[in-house]
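K.L.:
Below is a structure I'd like to ask you about.
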Amino acid sequence: MSRFLNVLRSWLVMVSIVAAGNSLQSFRDHTFLYEKLYTGKPDLVNGLQARTYGIWTLLSSVVRCLCAIDIHNKTLYYITLWTFFLAMGHFLCELFVFGTAAPTIGVMAPLMVASISILGMLVGLRHLEAEPGSRQKKRN
């Protein structure tokens, strides 16, 4: 396995752990969301919305961790890549369309992580294709 893919796997595990922490925070206390993320319209944040956000974030965390474990699984790889596109789309919409988020560190950090992750995973696709025997492994 290439060094880049090993770095990408480590990145995915780190991002997965941070996402799991954010998820637990959302279940524990929904004020986290309106104090850090949805500062534009904090009155729209309630317990139900926080738990929904927590489940969505936990699911993303699990998918990213599984991809780090089995990075050669192309289907899982693309699903993981989509988790980052969806997260980026969500925060961009909340920031520019709905106005529920402001450009604070709480919103800019996930946007930066999603951007870096998308870029890394797109580069990682080239490394996966370049590995000898990677196609034979998936057929067996």
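FYI, nothing fancy with the structure tokens labels: chains A, B, ... in order, residues from 1 per chain, ligands from 1 as they appear.
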Taking a cut-off of 8 Å and counting only C-alpha atoms, can you build a table that, for each residue of segment 102-122 of chain A near segment 72-82 of chain A, reports the nearest atom pair and how far apart they are in Å (one decimal), sorted by chain then residue number, as CSV?

P.N.:
residue,atom,partner,partner_atom,distance
A:Ser117,CA,A:Leu81,CA,7.8
A:Ile118,CA,A:Leu81,CA,6.3
A:Met121,CA,A:Leu81,CA,6.6

K.L.:
Write a file of the just-selected residues containing N, CA, C and O atoms, as an mmCIF file, in the first residue's frame.

P.N.:
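The result, written out as selection31.cif:
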data_model
loop_
_atom_site.group_PDB
_atom_site.id
_atom_site.type_symbol
_atom_site.label_atom_id
_atom_site.label_comp_id
_atom_site.auth_asym_id
_atom_site.auth_seq_id
_atom_site.Cartn_x
_atom_site.Cartn_y
_atom_site.Cartn_z
ATOM 1 N N SER A 117 -10.435 16.685 2.986
ATOM 2 C CA SER A 117 -10.769 15.266 2.843
ATOM 3 C C SER A 117 -11.170 14.930 1.411
ATOM 4 O O SER A 117 -10.764 13.888 0.878
ATOM 5 N N ILE A 118 -11.965 15.786 0.800
ATOM 6 C CA ILE A 118 -12.359 15.567 -0.594
ATOM 7 C C ILE A 118 -11.128 15.548 -1.488
ATOM 8 O O ILE A 118 -10.954 14.647 -2.313
ATOM 9 N N MET A 121 -9.099 12.375 -0.801
ATOM 10 C CA MET A 121 -9.720 11.161 -1.320
ATOM 11 C C MET A 121 -9.701 11.115 -2.850
ATOM 12 O O MET A 121 -9.572 10.032 -3.427
#

K.L.:
Quick one: residues within 10 Å of Lys36 of chain A, only C-alpha atoms, excluding same-chain residues fewer than 3 positions away - as a VMD selection string?

P.N.:
chain A and resid 31 to 33 39 42 101 to 102 104 to 107

K.L.:
Please produce a file of the residues just selected, as a tab-separated table (two decimals), in the first residue's frame, where the atoms kept are all heavy atoms.

P.N.:
chain	number	residue	atom	x	y	z
A	31	THR	N	-27.18	22.72	23.30
A	31	THR	CA	-26.67	24.10	23.25
A	31	THR	C	-25.35	24.18	22.49
A	31	THR	O	-25.02	25.23	21.95
A	31	THR	CB	-26.47	24.67	24.67
A	31	THR	OG1	-25.51	23.88	25.37
A	31	THR	CG2	-27.78	24.70	25.44
A	32	PHE	N	-24.63	23.06	22.41
A	32	PHE	CA	-23.40	22.99	21.62
A	32	PHE	C	-23.66	23.46	20.18
A	32	PHE	O	-22.85	24.18	19.60
A	32	PHE	CB	-22.87	21.55	21.64
A	32	PHE	CG	-21.94	21.21	20.52
A	32	PHE	CD1	-20.64	21.68	20.50
A	32	PHE	CD2	-22.37	20.41	19.47
A	32	PHE	CE1	-19.78	21.35	19.48
A	32	PHE	CE2	-21.51	20.08	18.44
A	32	PHE	CZ	-20.21	20.56	18.44
A	33	LEU	N	-24.79	23.04	19.63
A	33	LEU	CA	-25.07	23.38	18.22
A	33	LEU	C	-25.33	24.86	18.02
A	33	LEU	O	-24.86	25.45	17.05
A	33	LEU	CB	-26.25	22.56	17.71
A	33	LEU	CG	-25.98	21.08	17.49
A	33	LEU	CD1	-27.23	20.37	16.99
A	33	LEU	CD2	-24.84	20.86	16.53
A	39	THR	N	-25.12	29.65	14.78
A	39	THR	CA	-25.17	30.90	15.53
A	39	THR	C	-26.01	31.97	14.85
A	39	THR	O	-26.37	32.96	15.48
A	39	THR	CB	-23.75	31.44	15.76
A	39	THR	OG1	-23.11	31.62	14.49
A	39	THR	CG2	-22.93	30.49	16.61
A	42	PRO	N	-30.06	30.83	16.35
A	42	PRO	CA	-29.99	29.82	17.42
A	42	PRO	C	-31.36	29.36	17.92
A	42	PRO	O	-31.47	28.26	18.46
A	42	PRO	CB	-29.20	30.51	18.53
A	42	PRO	CG	-29.29	31.96	18.24
A	42	PRO	CD	-29.48	32.10	16.76
A	101	ALA	N	-26.14	29.75	9.97
A	101	ALA	CA	-24.76	29.67	10.45
A	101	ALA	C	-24.03	30.95	10.05
A	101	ALA	O	-24.36	31.59	9.05
A	101	ALA	CB	-24.06	28.46	9.85
A	102	ALA	N	-23.05	31.31	10.84
A	102	ALA	CA	-22.19	32.46	10.54
A	102	ALA	C	-20.78	31.93	10.28
A	102	ALA	O	-20.43	30.84	10.71
A	102	ALA	CB	-22.19	33.43	11.72
A	104	THR	N	-17.99	31.45	11.47
A	104	THR	CA	-17.18	31.34	12.68
A	104	THR	C	-16.28	30.11	12.55
A	104	THR	O	-16.44	29.31	11.62
A	104	THR	CB	-18.07	31.19	13.93
A	104	THR	OG1	-18.82	29.97	13.79
A	104	THR	CG2	-19.03	32.37	14.08
A	105	ILE	N	-15.40	29.92	13.51
A	105	ILE	CA	-14.52	28.76	13.50
A	105	ILE	C	-15.32	27.46	13.58
A	105	ILE	O	-14.92	26.44	13.00
A	105	ILE	CB	-13.47	28.84	14.63
A	105	ILE	CG1	-12.40	27.74	14.48
A	105	ILE	CG2	-14.13	28.73	16.00
A	105	ILE	CD1	-11.52	27.91	13.29
A	106	GLY	N	-16.47	27.49	14.23
A	106	GLY	CA	-17.32	26.31	14.35
A	106	GLY	C	-17.86	25.82	13.02
A	106	GLY	O	-18.15	24.63	12.87
A	107	VAL	N	-17.99	26.71	12.04
A	107	VAL	CA	-18.46	26.34	10.71
A	107	VAL	C	-17.28	26.21	9.74
A	107	VAL	O	-17.26	25.32	8.89
A	107	VAL	CB	-19.49	27.37	10.19
A	107	VAL	CG1	-19.86	27.11	8.75
A	107	VAL	CG2	-20.73	27.36	11.07

K.L.:
Determine, counting only C-alpha atoms, which protein, DNA and RNA residues have an atom within 8 Å of an atom of segment 123-133 of chain A; residues of the same chain fewer than 4 positions away are not included. Present the result as a ChimeraX atom specification.

P.N.:
/A:1-2,4-5,8,72,119,137

K.L.:
Pick the closest to Phe27 of chain A from A:Ser10, A:Ser115, A:Thr83, A:Thr52: which is it, counting only C-alpha atoms?

P.N.:
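Residue with the minimum atom-to-atom distance to Phe27 of chain A: A:Thr52.
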
K.L.:
Which of these residues is nearest to Gly99 of chain A, using only C-alpha atoms: A:Leu44, A:Ala114, A:Ile17, A:Leu122?

P.N.:
A:Leu44
